[in-house]
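The structure under discussion appears below in the form of structure tokens.
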Amino acid sequence: MKKVISILILILLLFFVVQWGVGFIKKEHEVSYQILVGDTVFEVHELYQKEYGDAYDIMIQNGSQRYSYSIPNQYNKQKNIIQKIEYYQEGDNYCIYPVLKGGKGTYLECVTNGTLYTDLSFPNQDFISRVKVDLQEKGYHLSKNYDLNNTTTVGDTIIYLDSLLSNDIIALWNYKGIEIIKPDQPTVRDILGFDKYENSHGYLVGKYYVLPNYLSSKVLEFSSVTIVDVETNKIDTIELNNTLSSDTYINGVIDGKLYYTDPSNLLQIEINPNTKSARLIGSKDLGGQLYRGEWQDVNIYDFATQHLLFQEDIPEEIDQYYSYHQLLAGDMNYYFYTDHQEVYRVSKNHLDLPILLFKDTNLNNMWAVQNTIYFIVDDTLYYYEEGGNLIPVLKNNELRYNTINRIGVYRKS
């Protein structure tokens, strides 16, 4: 009998090991299923893609009502993770609150007149308040509380320790260099010997902050850059083998490399902070290199006259459907900020289904890391995660001024 029991236990262990192994290896799945709420049928299309930030992309539909959810992977890549839907309707207002395996709630999304909203931006807040009361009475926890009195200070910056995401490191331009904001040990890395208010050339590339070594406060030319590893605080120097003028501008970041163009001297420089190297990729002799989803040869003089910027490949539908002031690509989603001060998220798999996340008239410095967006409003840096409120991370009075290129965020894997 003991031998039989031992064999059964061994078989069960092997089963769980195989299940774990399949889950570990599997990179994606795509399934469709239905959830019934009374007489109402919801069609659920669930897509899991590891390369898209290890998350589920879920579209839920009931007739003309469509809802778009991004759910972090907390279920070892299992299928059919939505078990139940709480459904609310009042006049032309509709809201759903999907419930996941284990009874864990998600967050509200609402539709009115064909437009999809979060609860933050939904126009009928009286309806939202009643819905939230009902959900709380059913035992769902709708939001996390943050202790904004738990603070520390680095430089002139007040950091809300309870709000920091444990894997995120924030680089904040402080006129001489950067403040490195992380939960364990925030630090200051001053590189310049003088204040430079506009951050023309410094930029975060992965975990490396690239900052020029200017010749002086009056001669803003540079022939080398300092590389700060924001994870380890280690500092290196890269020689450019060329002197770039103060007119130099950032073309963009492609595949972990930073690109500068000097329109005065007709030079293009590629900086690879990972290998601590730089190379000349454009000049009067070499011509110019432009990236718009793929590399192409262009006239080097076009960079001088048109201030050309690099750009990742953006689907044609984005420009067809939307008018935006700024567009950012996360792992699974695009985020865009309109001229009407509205912030939208649209799934890369459902480009015709945007959701209005929130509105703010003074927003600047949007930065996407996986499926989280950071942004500055007045003197405060916030982030927004799926289904969350706008969470304050730090406060610095100087964020009200010189609002260009103040932050970068690196997420540790």
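To be explicit about the labels: the chains of the structure tokens are called A, B, and onward in the order shown, and within each one the residues are counted from 1, while ligands get numbers from 1 in the order they are shown.
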Residues within 7 Å of Tyr48 of chain A, only C-alpha atoms, excluding chain neighbours under 3 positions, as a list in words
Glu28, His29, Glu30, Ala55, Tyr56 and Asp57 of chain A
Would you export the selected residues with N, CA and C atoms as a PDB file, in the first residue's frame, please?
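The resulting file, again32.pdb, is shown below:
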```pdb
ATOM      1  N   GLU A  28       2.936  32.292 -25.746  1.00  0.00           N
ATOM      2  CA  GLU A  28       1.674  32.969 -26.008  1.00  0.00           C
ATOM      3  C   GLU A  28       0.543  31.971 -26.187  1.00  0.00           C
ATOM      4  N   HIS A  29      -0.676  32.457 -26.005  1.00  0.00           N
ATOM      5  CA  HIS A  29      -1.868  31.697 -26.381  1.00  0.00           C
ATOM      6  C   HIS A  29      -2.965  32.689 -26.759  1.00  0.00           C
ATOM      7  N   GLU A  30      -3.940  32.216 -27.461  1.00  0.00           N
ATOM      8  CA  GLU A  30      -5.061  33.041 -27.903  1.00  0.00           C
ATOM      9  C   GLU A  30      -6.321  32.191 -27.831  1.00  0.00           C
ATOM     10  N   ALA A  55       2.054  39.907 -20.186  1.00  0.00           N
ATOM     11  CA  ALA A  55       0.713  40.366 -19.817  1.00  0.00           C
ATOM     12  C   ALA A  55      -0.337  39.786 -20.756  1.00  0.00           C
ATOM     13  N   TYR A  56      -1.582  39.873 -20.301  1.00  0.00           N
ATOM     14  CA  TYR A  56      -2.731  39.451 -21.098  1.00  0.00           C
ATOM     15  C   TYR A  56      -3.363  40.676 -21.754  1.00  0.00           C
ATOM     16  N   ASP A  57      -3.679  40.545 -23.026  1.00  0.00           N
ATOM     17  CA  ASP A  57      -4.434  41.570 -23.752  1.00  0.00           C
ATOM     18  C   ASP A  57      -5.832  41.003 -23.953  1.00  0.00           C
TER      19      ASP A  57
END
```
Do you know which residues are at most 9 Å from Glu270 of chain A counting only C-alpha atoms, after dropping those on the same chain fewer than 6 positions away, and could you put them as a ChimeraX atom specification?
/A:257-260,277-281
Write out, as JSON lines, each residue of segment 127-186 of chain A that has an atom at most 10 Å from segment 81-105 of chain A, together with the closest pair of atoms and their distance in Å to one decimal, counting only C-alpha atoms, rows going by chain and rising number.
```
{"residue": "A:Phe127", "atom": "CA", "partner": "A:Glu90", "partner_atom": "CA", "distance": 7.7}
{"residue": "A:Ile128", "atom": "CA", "partner": "A:Cys95", "partner_atom": "CA", "distance": 8.5}
{"residue": "A:Arg130", "atom": "CA", "partner": "A:Tyr88", "partner_atom": "CA", "distance": 9.9}
{"residue": "A:Val131", "atom": "CA", "partner": "A:Tyr88", "partner_atom": "CA", "distance": 7.2}
{"residue": "A:Lys132", "atom": "CA", "partner": "A:Tyr97", "partner_atom": "CA", "distance": 10.0}
{"residue": "A:Asp134", "atom": "CA", "partner": "A:Tyr88", "partner_atom": "CA", "distance": 9.9}
{"residue": "A:Leu135", "atom": "CA", "partner": "A:Glu86", "partner_atom": "CA", "distance": 8.3}
{"residue": "A:Gly139", "atom": "CA", "partner": "A:Gly105", "partner_atom": "CA", "distance": 9.5}
{"residue": "A:Tyr140", "atom": "CA", "partner": "A:Gly105", "partner_atom": "CA", "distance": 6.2}
{"residue": "A:His141", "atom": "CA", "partner": "A:Gly105", "partner_atom": "CA", "distance": 7.4}
{"residue": "A:Leu142", "atom": "CA", "partner": "A:Gly105", "partner_atom": "CA", "distance": 7.8}
```
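Candidate residues A:Ser323, A:Asn233, A:Ser283, A:Gln311 were compared for distance to Val253 of chain A, and the nearest is A:Gln311, using only C-alpha atoms.
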Could you state the separation of atom CA of Tyr334 of chain A and atom CA of Asp360 of chain A in Å, given to one decimal place?
18.2 Å
As a PyMOL selection string, please: the residues near Asp379 of chain A (cut-off 10 Å, only C-alpha atoms, same-chain neighbours under 4 positions excluded).
chain A and resi 157+394-401+403
Please, could you write that set of residues out with N, CA and C atoms as a PDB file, in the first residue's frame?
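New file out-v1.pdb:
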```
ATOM      1  N   THR A 157      14.541  67.226  -4.010  1.00  0.00           N
ATOM      2  CA  THR A 157      13.393  66.413  -4.387  1.00  0.00           C
ATOM      3  C   THR A 157      12.832  65.649  -3.198  1.00  0.00           C
ATOM      4  N   LEU A 394       7.203  61.772  -6.786  1.00  0.00           N
ATOM      5  CA  LEU A 394       8.138  62.737  -6.206  1.00  0.00           C
ATOM      6  C   LEU A 394       7.665  64.148  -6.516  1.00  0.00           C
ATOM      7  N   LYS A 395       8.222  65.087  -5.743  1.00  0.00           N
ATOM      8  CA  LYS A 395       7.862  66.503  -5.903  1.00  0.00           C
ATOM      9  C   LYS A 395       9.136  67.332  -5.899  1.00  0.00           C
ATOM     10  N   ASN A 396       9.218  68.247  -6.853  1.00  0.00           N
ATOM     11  CA  ASN A 396      10.357  69.158  -6.938  1.00  0.00           C
ATOM     12  C   ASN A 396       9.855  70.441  -7.585  1.00  0.00           C
ATOM     13  N   ASN A 397      10.021  71.563  -6.901  1.00  0.00           N
ATOM     14  CA  ASN A 397       9.468  72.824  -7.386  1.00  0.00           C
ATOM     15  C   ASN A 397      10.001  73.205  -8.766  1.00  0.00           C
ATOM     16  N   GLU A 398      11.246  72.774  -9.088  1.00  0.00           N
ATOM     17  CA  GLU A 398      11.850  73.127 -10.372  1.00  0.00           C
ATOM     18  C   GLU A 398      11.183  72.417 -11.549  1.00  0.00           C
ATOM     19  N   LEU A 399      10.352  71.403 -11.273  1.00  0.00           N
ATOM     20  CA  LEU A 399       9.653  70.719 -12.361  1.00  0.00           C
ATOM     21  C   LEU A 399       8.621  71.632 -13.025  1.00  0.00           C
ATOM     22  N   ARG A 400       8.274  72.722 -12.357  1.00  0.00           N
ATOM     23  CA  ARG A 400       7.353  73.687 -12.973  1.00  0.00           C
ATOM     24  C   ARG A 400       8.015  74.427 -14.130  1.00  0.00           C
ATOM     25  N   TYR A 401       9.341  74.424 -14.154  1.00  0.00           N
ATOM     26  CA  TYR A 401      10.091  75.214 -15.118  1.00  0.00           C
ATOM     27  C   TYR A 401      10.946  74.286 -15.979  1.00  0.00           C
ATOM     28  N   THR A 403      10.567  72.451 -18.669  1.00  0.00           N
ATOM     29  CA  THR A 403       9.810  71.196 -18.633  1.00  0.00           C
ATOM     30  C   THR A 403      10.243  70.185 -19.694  1.00  0.00           C
TER      31      THR A 403
END
```
So that I can check the surroundings of segment 293-306 of chain A, please list as an MDAnalysis selection string every protein, DNA and RNA residue that reaches within 12 Å of it, counting only C-alpha atoms and ignoring chain neighbours fewer than 3 positions away.
chainID A and resid 247:251 254:255 260:268 281:290 309:315
Would you mind reading off the distance between atom CA of Asp236 of chain A and atom CA of Gly177 of chain A, one decimal, in Å?
14.1 Å
Using only C-alpha atoms, tabulate the residues of segment 26-92 of chain A lying at most 8 Å from any atom of segment 107-125 of chain A, each with its closest atom pair and that distance in Å to one decimal, by chain and increasing residue number, as a tab-separated table.
```
residue	atom	partner	partner_atom	distance
A:Ser64	CA	A:Gly114	CA	7.6
A:Gln65	CA	A:Val111	CA	6.7
A:Arg66	CA	A:Leu116	CA	7.6
A:Tyr67	CA	A:Glu109	CA	6.8
A:Asp92	CA	A:Thr112	CA	5.7
```
Could you give me, as a PyMOL selection string, each residue of segment 103-155 of chain A that DSSP assigns to alpha helix (DSSP H) when run on this structure's backbone?
chain A and resi 125-137
Restrict the selected residues to C-alpha atoms and save them as a JSON list (two decimals), in the first residue's frame.
```json
[["chain", "number", "residue", "atom", "x", "y", "z"],
["A", 125, "GLN", "CA", -19.28, 60.34, -11.85],
["A", 126, "ASP", "CA", -22.54, 59.95, -9.85],
["A", 127, "PHE", "CA", -23.08, 56.63, -11.63],
["A", 128, "ILE", "CA", -19.46, 55.64, -10.97],
["A", 129, "SER", "CA", -19.83, 56.42, -7.26],
["A", 130, "ARG", "CA", -22.89, 54.15, -6.99],
["A", 131, "VAL", "CA", -21.10, 51.37, -8.88],
["A", 132, "LYS", "CA", -18.08, 51.59, -6.57],
["A", 133, "VAL", "CA", -20.25, 51.42, -3.47],
["A", 134, "ASP", "CA", -21.86, 48.25, -4.78],
["A", 135, "LEU", "CA", -18.50, 46.68, -5.63],
["A", 136, "GLN", "CA", -17.11, 47.51, -2.20],
["A", 137, "GLU", "CA", -20.17, 46.00, -0.55]]
```
